[in-house]
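Structure file protein15.cif (mmCIF, N, CA and C atoms and all ligand atoms) follows.
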data_target
loop_
_atom_site.label_atom_id
_atom_site.label_comp_id
_atom_site.auth_asym_id
_atom_site.auth_seq_id
_atom_site.Cartn_x
_atom_site.Cartn_y
_atom_site.Cartn_z
N MET A 17 20.54 -5.48 -51.45
CA MET A 17 19.10 -5.55 -51.76
C MET A 17 18.31 -5.79 -50.47
N ALA A 18 17.20 -5.13 -50.32
CA ALA A 18 16.39 -5.28 -49.11
C ALA A 18 15.84 -6.71 -49.05
N GLN A 19 15.81 -7.25 -47.84
CA GLN A 19 15.30 -8.59 -47.61
C GLN A 19 13.78 -8.56 -47.66
N ASP A 20 13.15 -9.62 -48.19
CA ASP A 20 11.69 -9.69 -48.18
C ASP A 20 11.21 -10.18 -46.81
N TYR A 21 10.11 -9.60 -46.34
CA TYR A 21 9.52 -10.01 -45.07
C TYR A 21 8.79 -11.34 -45.25
N ASP A 22 9.09 -12.31 -44.40
CA ASP A 22 8.43 -13.62 -44.46
C ASP A 22 7.28 -13.65 -43.45
N PRO A 23 6.04 -13.65 -43.93
CA PRO A 23 4.89 -13.62 -42.99
C PRO A 23 4.74 -14.89 -42.17
N GLN A 24 5.56 -15.90 -42.46
CA GLN A 24 5.51 -17.14 -41.65
C GLN A 24 6.54 -17.14 -40.52
N ASN A 25 7.29 -16.05 -40.34
CA ASN A 25 8.27 -16.05 -39.24
C ASN A 25 7.52 -16.15 -37.91
N ILE A 26 8.24 -16.63 -36.91
CA ILE A 26 7.59 -17.00 -35.63
C ILE A 26 6.90 -15.81 -34.95
N PHE A 27 7.46 -14.61 -35.09
CA PHE A 27 6.84 -13.47 -34.41
C PHE A 27 5.60 -12.99 -35.17
N ALA A 28 5.59 -13.15 -36.48
CA ALA A 28 4.38 -12.84 -37.24
C ALA A 28 3.26 -13.79 -36.80
N ARG A 29 3.64 -15.03 -36.54
CA ARG A 29 2.65 -16.02 -36.10
C ARG A 29 2.16 -15.70 -34.69
N ILE A 30 3.05 -15.22 -33.84
CA ILE A 30 2.63 -14.78 -32.49
C ILE A 30 1.66 -13.62 -32.62
N LEU A 31 1.97 -12.66 -33.50
CA LEU A 31 1.09 -11.49 -33.67
C LEU A 31 -0.29 -11.90 -34.17
N ARG A 32 -0.35 -12.96 -34.98
CA ARG A 32 -1.66 -13.42 -35.50
C ARG A 32 -2.37 -14.31 -34.49
N GLY A 33 -1.73 -14.58 -33.34
CA GLY A 33 -2.36 -15.42 -32.31
C GLY A 33 -2.26 -16.89 -32.62
N GLU A 34 -1.39 -17.29 -33.55
CA GLU A 34 -1.26 -18.70 -33.92
C GLU A 34 -0.37 -19.46 -32.93
N ILE A 35 0.47 -18.71 -32.22
CA ILE A 35 1.39 -19.30 -31.23
C ILE A 35 1.21 -18.50 -29.95
N PRO A 36 1.09 -19.18 -28.79
CA PRO A 36 0.88 -18.43 -27.54
C PRO A 36 2.14 -17.66 -27.14
N ASN A 37 1.94 -16.64 -26.33
CA ASN A 37 3.09 -15.89 -25.81
C ASN A 37 2.72 -15.36 -24.44
N ASP A 38 3.75 -15.02 -23.69
CA ASP A 38 3.57 -14.47 -22.34
C ASP A 38 3.66 -12.94 -22.47
N THR A 39 2.52 -12.33 -22.74
CA THR A 39 2.49 -10.88 -23.03
C THR A 39 2.76 -10.06 -21.78
N VAL A 40 3.60 -9.05 -21.94
CA VAL A 40 3.89 -8.10 -20.87
C VAL A 40 3.13 -6.80 -21.13
N LEU A 41 3.05 -6.42 -22.41
CA LEU A 41 2.39 -5.17 -22.77
C LEU A 41 1.93 -5.25 -24.23
N GLU A 42 0.74 -4.77 -24.49
CA GLU A 42 0.30 -4.62 -25.88
C GLU A 42 -0.19 -3.20 -26.08
N THR A 43 0.27 -2.57 -27.13
CA THR A 43 -0.18 -1.22 -27.48
C THR A 43 -0.72 -1.26 -28.90
N GLU A 44 -1.11 -0.10 -29.42
CA GLU A 44 -1.70 -0.07 -30.76
C GLU A 44 -0.74 -0.66 -31.81
N HIS A 45 0.53 -0.33 -31.71
CA HIS A 45 1.49 -0.73 -32.76
C HIS A 45 2.58 -1.67 -32.29
N SER A 46 2.56 -2.09 -31.04
CA SER A 46 3.68 -2.88 -30.50
C SER A 46 3.18 -3.97 -29.57
N LEU A 47 4.03 -5.01 -29.43
CA LEU A 47 3.75 -6.09 -28.49
C LEU A 47 5.04 -6.42 -27.75
N ALA A 48 4.94 -6.62 -26.44
CA ALA A 48 6.09 -7.03 -25.63
C ALA A 48 5.73 -8.33 -24.94
N PHE A 49 6.64 -9.32 -25.04
CA PHE A 49 6.38 -10.62 -24.43
C PHE A 49 7.70 -11.24 -23.97
N ARG A 50 7.61 -12.20 -23.06
CA ARG A 50 8.81 -12.81 -22.49
C ARG A 50 9.47 -13.75 -23.49
N ASP A 51 10.80 -13.69 -23.52
CA ASP A 51 11.57 -14.59 -24.39
C ASP A 51 11.40 -16.02 -23.89
N ILE A 52 11.24 -16.94 -24.84
CA ILE A 52 11.00 -18.34 -24.49
C ILE A 52 12.23 -18.99 -23.87
N GLN A 53 13.42 -18.45 -24.15
CA GLN A 53 14.68 -18.97 -23.57
C GLN A 53 15.41 -17.83 -22.89
N PRO A 54 14.91 -17.41 -21.71
CA PRO A 54 15.47 -16.21 -21.09
C PRO A 54 16.95 -16.34 -20.76
N GLN A 55 17.68 -15.26 -21.01
CA GLN A 55 19.12 -15.24 -20.71
C GLN A 55 19.42 -14.38 -19.49
N ALA A 56 18.38 -13.91 -18.84
CA ALA A 56 18.51 -13.11 -17.62
C ALA A 56 17.17 -13.23 -16.90
N PRO A 57 17.12 -12.91 -15.60
CA PRO A 57 15.84 -13.01 -14.87
C PRO A 57 14.72 -12.22 -15.55
N GLU A 58 15.06 -11.10 -16.14
CA GLU A 58 14.09 -10.36 -16.95
C GLU A 58 14.60 -10.39 -18.39
N HIS A 59 13.81 -10.96 -19.29
CA HIS A 59 14.19 -10.99 -20.71
C HIS A 59 12.91 -10.88 -21.53
N VAL A 60 12.68 -9.68 -22.00
CA VAL A 60 11.45 -9.37 -22.73
C VAL A 60 11.81 -8.91 -24.13
N LEU A 61 11.01 -9.36 -25.10
CA LEU A 61 11.16 -8.93 -26.49
C LEU A 61 10.08 -7.91 -26.79
N VAL A 62 10.46 -6.80 -27.38
CA VAL A 62 9.48 -5.80 -27.80
C VAL A 62 9.52 -5.76 -29.32
N ILE A 63 8.35 -5.91 -29.93
CA ILE A 63 8.29 -5.94 -31.40
C ILE A 63 7.23 -4.97 -31.90
N PRO A 64 7.47 -4.39 -33.08
CA PRO A 64 6.41 -3.62 -33.71
C PRO A 64 5.42 -4.60 -34.35
N LYS A 65 4.19 -4.19 -34.51
CA LYS A 65 3.21 -5.08 -35.16
C LYS A 65 3.38 -5.07 -36.68
N GLY A 66 4.00 -4.04 -37.20
CA GLY A 66 4.21 -3.94 -38.65
C GLY A 66 5.30 -4.89 -39.13
N PRO A 67 5.34 -5.15 -40.45
CA PRO A 67 6.26 -6.14 -41.02
C PRO A 67 7.66 -5.60 -41.26
N TYR A 68 8.37 -5.30 -40.19
CA TYR A 68 9.74 -4.78 -40.31
C TYR A 68 10.72 -5.87 -39.88
N ILE A 69 11.86 -5.91 -40.52
CA ILE A 69 12.84 -6.96 -40.22
C ILE A 69 13.94 -6.45 -39.30
N THR A 70 14.46 -5.25 -39.60
CA THR A 70 15.60 -4.74 -38.82
C THR A 70 15.30 -3.34 -38.29
N TYR A 71 16.08 -2.94 -37.32
CA TYR A 71 15.84 -1.62 -36.72
C TYR A 71 16.09 -0.49 -37.70
N ASP A 72 17.14 -0.60 -38.50
CA ASP A 72 17.43 0.47 -39.47
C ASP A 72 16.26 0.65 -40.43
N GLN A 73 15.68 -0.46 -40.88
CA GLN A 73 14.53 -0.39 -41.79
C GLN A 73 13.36 0.28 -41.09
N PHE A 74 13.10 -0.14 -39.86
CA PHE A 74 11.99 0.44 -39.08
C PHE A 74 12.22 1.94 -38.89
N ALA A 75 13.44 2.32 -38.51
CA ALA A 75 13.74 3.72 -38.22
C ALA A 75 13.52 4.60 -39.45
N LEU A 76 13.79 4.04 -40.63
CA LEU A 76 13.68 4.84 -41.85
C LEU A 76 12.32 4.75 -42.52
N GLU A 77 11.59 3.64 -42.30
CA GLU A 77 10.37 3.41 -43.08
C GLU A 77 9.07 3.44 -42.28
N ALA A 78 9.15 3.24 -40.97
CA ALA A 78 7.91 3.20 -40.17
C ALA A 78 7.32 4.60 -40.05
N SER A 79 6.03 4.65 -39.76
CA SER A 79 5.37 5.94 -39.58
C SER A 79 5.79 6.55 -38.24
N ASP A 80 5.59 7.85 -38.11
CA ASP A 80 5.91 8.52 -36.84
C ASP A 80 5.13 7.85 -35.70
N ALA A 81 3.88 7.50 -35.96
CA ALA A 81 3.05 6.90 -34.91
C ALA A 81 3.63 5.55 -34.46
N GLU A 82 4.10 4.76 -35.42
CA GLU A 82 4.69 3.45 -35.06
C GLU A 82 5.97 3.63 -34.26
N ILE A 83 6.80 4.58 -34.69
CA ILE A 83 8.09 4.80 -34.00
C ILE A 83 7.84 5.31 -32.59
N LEU A 84 6.91 6.22 -32.47
CA LEU A 84 6.59 6.77 -31.14
C LEU A 84 6.05 5.66 -30.22
N ASP A 85 5.14 4.90 -30.75
CA ASP A 85 4.52 3.83 -29.97
C ASP A 85 5.57 2.80 -29.52
N PHE A 86 6.43 2.39 -30.45
CA PHE A 86 7.45 1.38 -30.15
C PHE A 86 8.43 1.91 -29.09
N THR A 87 8.85 3.15 -29.29
CA THR A 87 9.82 3.74 -28.35
C THR A 87 9.21 3.86 -26.96
N ARG A 88 7.98 4.32 -26.90
CA ARG A 88 7.31 4.45 -25.60
C ARG A 88 7.04 3.09 -24.97
N ALA A 89 6.73 2.09 -25.80
CA ALA A 89 6.49 0.73 -25.27
C ALA A 89 7.77 0.22 -24.60
N ILE A 90 8.91 0.45 -25.21
CA ILE A 90 10.19 0.01 -24.62
C ILE A 90 10.38 0.68 -23.26
N GLY A 91 10.13 1.99 -23.20
CA GLY A 91 10.26 2.71 -21.93
C GLY A 91 9.31 2.17 -20.88
N GLN A 92 8.09 1.92 -21.32
CA GLN A 92 7.07 1.42 -20.38
C GLN A 92 7.44 0.05 -19.84
N VAL A 93 7.95 -0.82 -20.72
CA VAL A 93 8.33 -2.17 -20.26
C VAL A 93 9.48 -2.07 -19.26
N CYS A 94 10.45 -1.20 -19.51
CA CYS A 94 11.54 -1.02 -18.52
C CYS A 94 10.96 -0.66 -17.16
N ARG A 95 10.00 0.23 -17.16
CA ARG A 95 9.37 0.63 -15.88
C ARG A 95 8.61 -0.55 -15.27
N MET A 96 7.88 -1.29 -16.11
CA MET A 96 7.10 -2.42 -15.60
C MET A 96 8.00 -3.48 -14.99
N LEU A 97 9.17 -3.71 -15.60
CA LEU A 97 10.10 -4.71 -15.08
C LEU A 97 10.86 -4.18 -13.88
N GLY A 98 10.86 -2.86 -13.71
CA GLY A 98 11.58 -2.25 -12.59
C GLY A 98 13.09 -2.27 -12.77
N VAL A 99 13.54 -2.26 -14.02
CA VAL A 99 14.99 -2.36 -14.27
C VAL A 99 15.65 -1.01 -14.53
N GLN A 100 14.84 0.05 -14.64
CA GLN A 100 15.45 1.34 -14.98
C GLN A 100 16.33 1.84 -13.84
N PRO A 101 17.54 2.31 -14.14
CA PRO A 101 18.42 2.78 -13.07
C PRO A 101 17.75 3.91 -12.28
N GLY A 102 18.00 3.94 -10.99
CA GLY A 102 17.29 4.87 -10.14
C GLY A 102 15.93 4.27 -9.84
N ASN A 103 15.20 4.84 -8.91
CA ASN A 103 13.88 4.31 -8.54
C ASN A 103 13.91 2.81 -8.28
N GLY A 104 15.03 2.31 -7.75
CA GLY A 104 15.10 0.91 -7.35
C GLY A 104 15.66 -0.02 -8.42
N GLY A 105 15.63 0.37 -9.68
CA GLY A 105 16.12 -0.52 -10.74
C GLY A 105 17.64 -0.50 -10.80
N ASP A 106 18.20 -1.58 -11.32
CA ASP A 106 19.66 -1.73 -11.32
C ASP A 106 20.23 -1.64 -12.73
N GLY A 107 19.40 -1.36 -13.71
CA GLY A 107 19.92 -1.23 -15.08
C GLY A 107 19.51 -2.39 -15.96
N TYR A 108 19.74 -2.23 -17.24
CA TYR A 108 19.31 -3.23 -18.22
C TYR A 108 20.17 -3.08 -19.46
N ARG A 109 19.99 -4.02 -20.37
CA ARG A 109 20.62 -3.91 -21.69
C ARG A 109 19.55 -4.09 -22.74
N MET A 110 19.70 -3.28 -23.80
CA MET A 110 18.74 -3.32 -24.91
C MET A 110 19.53 -3.72 -26.15
N ILE A 111 19.09 -4.78 -26.81
CA ILE A 111 19.83 -5.31 -27.96
C ILE A 111 18.88 -5.50 -29.13
N ALA A 112 19.30 -5.06 -30.31
CA ALA A 112 18.54 -5.37 -31.53
C ALA A 112 19.53 -6.00 -32.51
N ASN A 113 19.48 -7.32 -32.62
CA ASN A 113 20.36 -8.02 -33.56
C ASN A 113 19.81 -7.86 -34.98
N ALA A 114 20.72 -7.70 -35.94
CA ALA A 114 20.27 -7.56 -37.33
C ALA A 114 21.21 -8.31 -38.27
N GLY A 115 20.59 -9.13 -39.11
CA GLY A 115 21.33 -9.77 -40.19
C GLY A 115 22.29 -10.86 -39.72
N ARG A 116 23.12 -11.29 -40.66
CA ARG A 116 24.02 -12.42 -40.41
C ARG A 116 25.07 -12.07 -39.36
N ALA A 117 25.73 -10.93 -39.52
CA ALA A 117 26.79 -10.56 -38.57
C ALA A 117 26.21 -10.32 -37.19
N GLY A 118 24.99 -9.81 -37.14
CA GLY A 118 24.34 -9.55 -35.84
C GLY A 118 23.70 -10.78 -35.25
N VAL A 119 23.74 -11.89 -35.98
CA VAL A 119 23.15 -13.17 -35.56
C VAL A 119 21.68 -12.99 -35.18
N GLN A 120 20.92 -12.56 -36.17
CA GLN A 120 19.47 -12.41 -36.00
C GLN A 120 18.80 -13.71 -36.40
N GLU A 121 18.13 -14.36 -35.42
CA GLU A 121 17.47 -15.64 -35.68
C GLU A 121 16.09 -15.46 -36.27
N VAL A 122 15.34 -14.52 -35.71
CA VAL A 122 13.95 -14.34 -36.13
C VAL A 122 13.88 -13.07 -36.98
N GLN A 123 13.33 -13.23 -38.18
CA GLN A 123 13.37 -12.15 -39.16
C GLN A 123 12.17 -11.21 -39.04
N HIS A 124 11.91 -10.80 -37.82
CA HIS A 124 10.93 -9.74 -37.53
C HIS A 124 11.59 -8.90 -36.44
N LEU A 125 11.65 -7.59 -36.66
CA LEU A 125 12.35 -6.72 -35.71
C LEU A 125 11.93 -6.98 -34.27
N HIS A 126 12.92 -7.13 -33.41
CA HIS A 126 12.65 -7.26 -31.98
C HIS A 126 13.80 -6.64 -31.22
N VAL A 127 13.45 -5.98 -30.14
CA VAL A 127 14.44 -5.45 -29.20
C VAL A 127 14.41 -6.35 -27.98
N HIS A 128 15.57 -6.86 -27.60
CA HIS A 128 15.68 -7.62 -26.34
C HIS A 128 15.88 -6.62 -25.21
N LEU A 129 15.11 -6.76 -24.14
CA LEU A 129 15.36 -6.01 -22.91
C LEU A 129 15.76 -7.03 -21.85
N LEU A 130 16.98 -6.89 -21.35
CA LEU A 130 17.52 -7.86 -20.40
C LEU A 130 17.90 -7.15 -19.11
N GLY A 131 17.59 -7.77 -17.99
CA GLY A 131 17.95 -7.18 -16.70
C GLY A 131 17.73 -8.17 -15.58
N GLY A 132 17.94 -7.69 -14.36
CA GLY A 132 17.73 -8.54 -13.19
C GLY A 132 18.99 -9.25 -12.73
N ARG A 133 20.09 -9.03 -13.46
CA ARG A 133 21.39 -9.55 -13.00
C ARG A 133 22.47 -8.69 -13.65
N ALA A 134 23.71 -8.79 -13.12
CA ALA A 134 24.83 -8.11 -13.76
C ALA A 134 25.08 -8.80 -15.10
N LEU A 135 25.11 -8.05 -16.19
CA LEU A 135 25.11 -8.64 -17.53
C LEU A 135 26.50 -8.78 -18.14
N GLY A 136 27.52 -8.29 -17.46
CA GLY A 136 28.88 -8.41 -18.01
C GLY A 136 29.09 -7.45 -19.16
N ARG A 137 30.29 -7.49 -19.73
CA ARG A 137 30.59 -6.58 -20.84
C ARG A 137 29.77 -6.99 -22.06
N MET A 138 29.51 -6.02 -22.91
CA MET A 138 28.65 -6.27 -24.06
C MET A 138 29.29 -7.23 -25.06
N LEU A 139 30.54 -6.98 -25.42
CA LEU A 139 31.25 -7.79 -26.41
C LEU A 139 32.68 -7.98 -25.93
N GLN A 140 33.37 -8.96 -26.52
CA GLN A 140 34.79 -9.09 -26.24
C GLN A 140 35.54 -8.05 -27.05
N PRO A 141 36.57 -7.44 -26.48
CA PRO A 141 37.37 -6.49 -27.26
C PRO A 141 38.04 -7.20 -28.44
N LEU A 142 38.32 -6.49 -29.52
CA LEU A 142 39.07 -7.06 -30.65
C LEU A 142 40.46 -7.41 -30.15
N GLN A 143 41.01 -8.50 -30.56
CA GLN A 143 42.37 -9.00 -30.21
C GLN A 143 42.43 -9.49 -28.78
P1 LIG B 201 17.58 -13.04 -32.18
O1 LIG B 201 18.80 -13.90 -32.18
O2 LIG B 201 16.80 -13.13 -33.47
O3 LIG B 201 17.89 -11.61 -31.79
O4 LIG B 201 16.67 -13.58 -31.01
C1 LIG B 201 15.47 -14.28 -31.19
C2 LIG B 201 14.91 -14.59 -29.82
O5 LIG B 201 13.60 -15.08 -29.98
C3 LIG B 201 15.71 -15.63 -29.03
O6 LIG B 201 16.12 -15.05 -27.80
C4 LIG B 201 14.69 -16.76 -28.82
O7 LIG B 201 14.79 -17.38 -27.56
C5 LIG B 201 13.35 -16.05 -29.01
N1 LIG B 201 12.29 -16.91 -29.52
C6 LIG B 201 12.36 -17.76 -30.57
N2 LIG B 201 11.18 -18.37 -30.76
C7 LIG B 201 10.35 -17.88 -29.79
C8 LIG B 201 8.97 -18.14 -29.48
O8 LIG B 201 8.28 -18.94 -30.11
N3 LIG B 201 8.46 -17.45 -28.43
C9 LIG B 201 9.19 -16.56 -27.71
N4 LIG B 201 8.58 -15.94 -26.70
N5 LIG B 201 10.48 -16.29 -27.98
C10 LIG B 201 11.05 -16.95 -29.01
#
Let me see the structure of the file written as C-alpha cells.
Amino acid sequence: MAQDYDPQNIFARILRGEIPNDTVLETEHSLAFRDIQPQAPEHVLVIPKGPYITYDQFALEASDAEILDFTRAIGQVCRMLGVQPGNGGDGYRMIANAGRAGVQEVQHLHVHLLGGRALGRMLQPLQ
C-alpha cells in the first residue's frame, strides 16, 4: 500500500520556510540545500517541491515539468559544486534512500549529492 505523505516532515517544513536551510539552488519545482550533518566536504540534498516520498513514486507520478526541473537541478548543482568528472571535478555519488531497507529517515524525496573526497565503495559485498 502506498505510504501517506506527512506534511509535517522536516523537508516539508523547510519548503514552507518554517525551518532555515543553507540553499544552494532554488528552481520552480526543486530546492537544493546543504545537509545539516555532512558526510563529505560537499553534501547537498536536492528535493522536489511536490509531496513525493520516494524516487519510484516521483518517477511514475510527477509531471514532466517536475521531472525535468528536478533532473536539471541535480545537474546544475553538480556543476555548481564543481564535482562533475572532467572540467576539474573529481566525481560524486548520488544516493536516494527509500523505505525501511533503504534507511530513509526523512519521508520526503531527496537525492544526496556527495563529493569532495574519495567516497569508498558504495556497499559491502554480500558474504
Ligand atoms: P535519509 O537517511 O532520509 O536519506 O537522509 C536524511 C538526511 O537529511 C540526513 O543526511 C540528515 O542529516 C538530513 N537532515 C535531517 N534533518 C535536516 C534538517 O533539518 N536540515 C538539513 N539541511 N538536513 C537535515
(request) Could the residues that lie within 9 Å of ligand LIG 201 (chain B), counting only C-alpha atoms and all ligand atoms, be listed as a ChimeraX atom specification? (result) /A:26-27,29-30,35-39,49-55,59-61,111-115,118-128
(request) Please identify all polymer residues within 12 Å of segment 74-77 of chain A, counting only C-alpha atoms, omitting same-chain residues fewer than 3 positions from it, and present them as a VMD selection string. (result) chain A and resid 63 to 71 80 to 84 86 to 87 112 114 124 to 127
Serialized selection, N, CA and C atoms, as a PDB file, keeping the file's coordinate frame:
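Here's the written file again28.pdb:
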ATOM      1  N   ILE A  63       8.350  -5.910 -29.930  1.00  0.00           N
ATOM      2  CA  ILE A  63       8.290  -5.940 -31.400  1.00  0.00           C
ATOM      3  C   ILE A  63       7.230  -4.970 -31.900  1.00  0.00           C
ATOM      4  N   PRO A  64       7.470  -4.390 -33.080  1.00  0.00           N
ATOM      5  CA  PRO A  64       6.410  -3.620 -33.710  1.00  0.00           C
ATOM      6  C   PRO A  64       5.420  -4.600 -34.350  1.00  0.00           C
ATOM      7  N   LYS A  65       4.190  -4.190 -34.510  1.00  0.00           N
ATOM      8  CA  LYS A  65       3.210  -5.080 -35.160  1.00  0.00           C
ATOM      9  C   LYS A  65       3.380  -5.070 -36.680  1.00  0.00           C
ATOM     10  N   GLY A  66       4.000  -4.040 -37.200  1.00  0.00           N
ATOM     11  CA  GLY A  66       4.210  -3.940 -38.650  1.00  0.00           C
ATOM     12  C   GLY A  66       5.300  -4.890 -39.130  1.00  0.00           C
ATOM     13  N   PRO A  67       5.340  -5.150 -40.450  1.00  0.00           N
ATOM     14  CA  PRO A  67       6.260  -6.140 -41.020  1.00  0.00           C
ATOM     15  C   PRO A  67       7.660  -5.600 -41.260  1.00  0.00           C
ATOM     16  N   TYR A  68       8.370  -5.300 -40.190  1.00  0.00           N
ATOM     17  CA  TYR A  68       9.740  -4.780 -40.310  1.00  0.00           C
ATOM     18  C   TYR A  68      10.720  -5.870 -39.880  1.00  0.00           C
ATOM     19  N   ILE A  69      11.860  -5.910 -40.520  1.00  0.00           N
ATOM     20  CA  ILE A  69      12.840  -6.960 -40.220  1.00  0.00           C
ATOM     21  C   ILE A  69      13.940  -6.450 -39.300  1.00  0.00           C
ATOM     22  N   THR A  70      14.460  -5.250 -39.600  1.00  0.00           N
ATOM     23  CA  THR A  70      15.600  -4.740 -38.820  1.00  0.00           C
ATOM     24  C   THR A  70      15.300  -3.340 -38.290  1.00  0.00           C
ATOM     25  N   TYR A  71      16.080  -2.940 -37.320  1.00  0.00           N
ATOM     26  CA  TYR A  71      15.840  -1.620 -36.720  1.00  0.00           C
ATOM     27  C   TYR A  71      16.090  -0.490 -37.700  1.00  0.00           C
ATOM     28  N   ASP A  80       5.590   7.850 -38.110  1.00  0.00           N
ATOM     29  CA  ASP A  80       5.910   8.520 -36.840  1.00  0.00           C
ATOM     30  C   ASP A  80       5.130   7.850 -35.700  1.00  0.00           C
ATOM     31  N   ALA A  81       3.880   7.500 -35.960  1.00  0.00           N
ATOM     32  CA  ALA A  81       3.050   6.900 -34.910  1.00  0.00           C
ATOM     33  C   ALA A  81       3.630   5.550 -34.460  1.00  0.00           C
ATOM     34  N   GLU A  82       4.100   4.760 -35.420  1.00  0.00           N
ATOM     35  CA  GLU A  82       4.690   3.450 -35.060  1.00  0.00           C
ATOM     36  C   GLU A  82       5.970   3.630 -34.260  1.00  0.00           C
ATOM     37  N   ILE A  83       6.800   4.580 -34.690  1.00  0.00           N
ATOM     38  CA  ILE A  83       8.090   4.800 -34.000  1.00  0.00           C
ATOM     39  C   ILE A  83       7.840   5.310 -32.590  1.00  0.00           C
ATOM     40  N   LEU A  84       6.910   6.220 -32.470  1.00  0.00           N
ATOM     41  CA  LEU A  84       6.590   6.770 -31.140  1.00  0.00           C
ATOM     42  C   LEU A  84       6.050   5.660 -30.220  1.00  0.00           C
ATOM     43  N   PHE A  86       6.430   2.390 -30.450  1.00  0.00           N
ATOM     44  CA  PHE A  86       7.450   1.380 -30.150  1.00  0.00           C
ATOM     45  C   PHE A  86       8.430   1.910 -29.090  1.00  0.00           C
ATOM     46  N   THR A  87       8.850   3.150 -29.290  1.00  0.00           N
ATOM     47  CA  THR A  87       9.820   3.740 -28.350  1.00  0.00           C
ATOM     48  C   THR A  87       9.210   3.860 -26.960  1.00  0.00           C
ATOM     49  N   ALA A 112      19.300  -5.060 -30.310  1.00  0.00           N
ATOM     50  CA  ALA A 112      18.540  -5.370 -31.530  1.00  0.00           C
ATOM     51  C   ALA A 112      19.530  -6.000 -32.510  1.00  0.00           C
ATOM     52  N   ALA A 114      20.720  -7.700 -35.940  1.00  0.00           N
ATOM     53  CA  ALA A 114      20.270  -7.560 -37.330  1.00  0.00           C
ATOM     54  C   ALA A 114      21.210  -8.310 -38.270  1.00  0.00           C
ATOM     55  N   HIS A 124      11.910 -10.800 -37.820  1.00  0.00           N
ATOM     56  CA  HIS A 124      10.930  -9.740 -37.530  1.00  0.00           C
ATOM     57  C   HIS A 124      11.590  -8.900 -36.440  1.00  0.00           C
ATOM     58  N   LEU A 125      11.650  -7.590 -36.660  1.00  0.00           N
ATOM     59  CA  LEU A 125      12.350  -6.720 -35.710  1.00  0.00           C
ATOM     60  C   LEU A 125      11.930  -6.980 -34.270  1.00  0.00           C
ATOM     61  N   HIS A 126      12.920  -7.130 -33.410  1.00  0.00           N
ATOM     62  CA  HIS A 126      12.650  -7.260 -31.980  1.00  0.00           C
ATOM     63  C   HIS A 126      13.800  -6.640 -31.220  1.00  0.00           C
ATOM     64  N   VAL A 127      13.450  -5.980 -30.140  1.00  0.00           N
ATOM     65  CA  VAL A 127      14.440  -5.450 -29.200  1.00  0.00           C
ATOM     66  C   VAL A 127      14.410  -6.350 -27.980  1.00  0.00           C
TER      67      VAL A 127
END
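With only N, CA and C atoms as the atoms that count, the residue of A:Ala48, A:Ala56, A:Val93, A:Ala117 with the shortest distance to Gly131 of chain A is A:Ala56.
A straight line drawn from atom CA of Leu97 of chain A to atom CA of Met138 of chain A is 20.7 Å long.
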(request) Calculate how many Å separate atom CA of Asn103 of chain A from atom CA of Ala89 of chain A, rounding to one decimal. (result) 18.6 Å
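Between atom CA of Gly107 of chain A and atom CA of Leu31 of chain A lies a distance of 28.4 Å.
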(message) Among segment 62-109 of chain A, which residues does DSSP mark as alpha helix (DSSP H) when it is run on the backbone? Keep the chain and numbering as in the structure and answer as a VMD selection string.
(response) chain A and resid 71 to 77 80 to 97
(request) List every residue of chain A that DSSP, applied to the backbone of this structure, places in strand (DSSP E or B), and write the result as a VMD selection string. (result) chain A and resid 39 to 42 46 to 50 58 to 64 101 to 102 105 108 to 111 127 to 131
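Considering only C-alpha atoms, the residue among A:Gly91, A:Gly98, A:Gly104, A:Pro57 positioned nearest to Arg133 of chain A is A:Pro57.
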(request) Point out the residue among A:Gln19, A:Asp85, A:Arg109, A:Leu129 with the least atom-to-atom distance to Glu44 of chain A, counting only N, CA and C atoms. (result) A:Asp85
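The closest residue to Gly132 of chain A, picked from A:Val99, A:Met110, A:Ala28, A:Ala78 and counting only N, CA and C atoms, is A:Val99.
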Padding of 4 Å on every side, edges along x, y and z, all listed atoms of segment 68-81 of chain A included: what centre and edge lengths in Å, to one decimal, does that box have, as JSON?
{"center_x": 10.2, "center_y": 0.8, "center_z": -38.8, "size_x": 22.4, "size_y": 23.5, "size_z": 16.6}
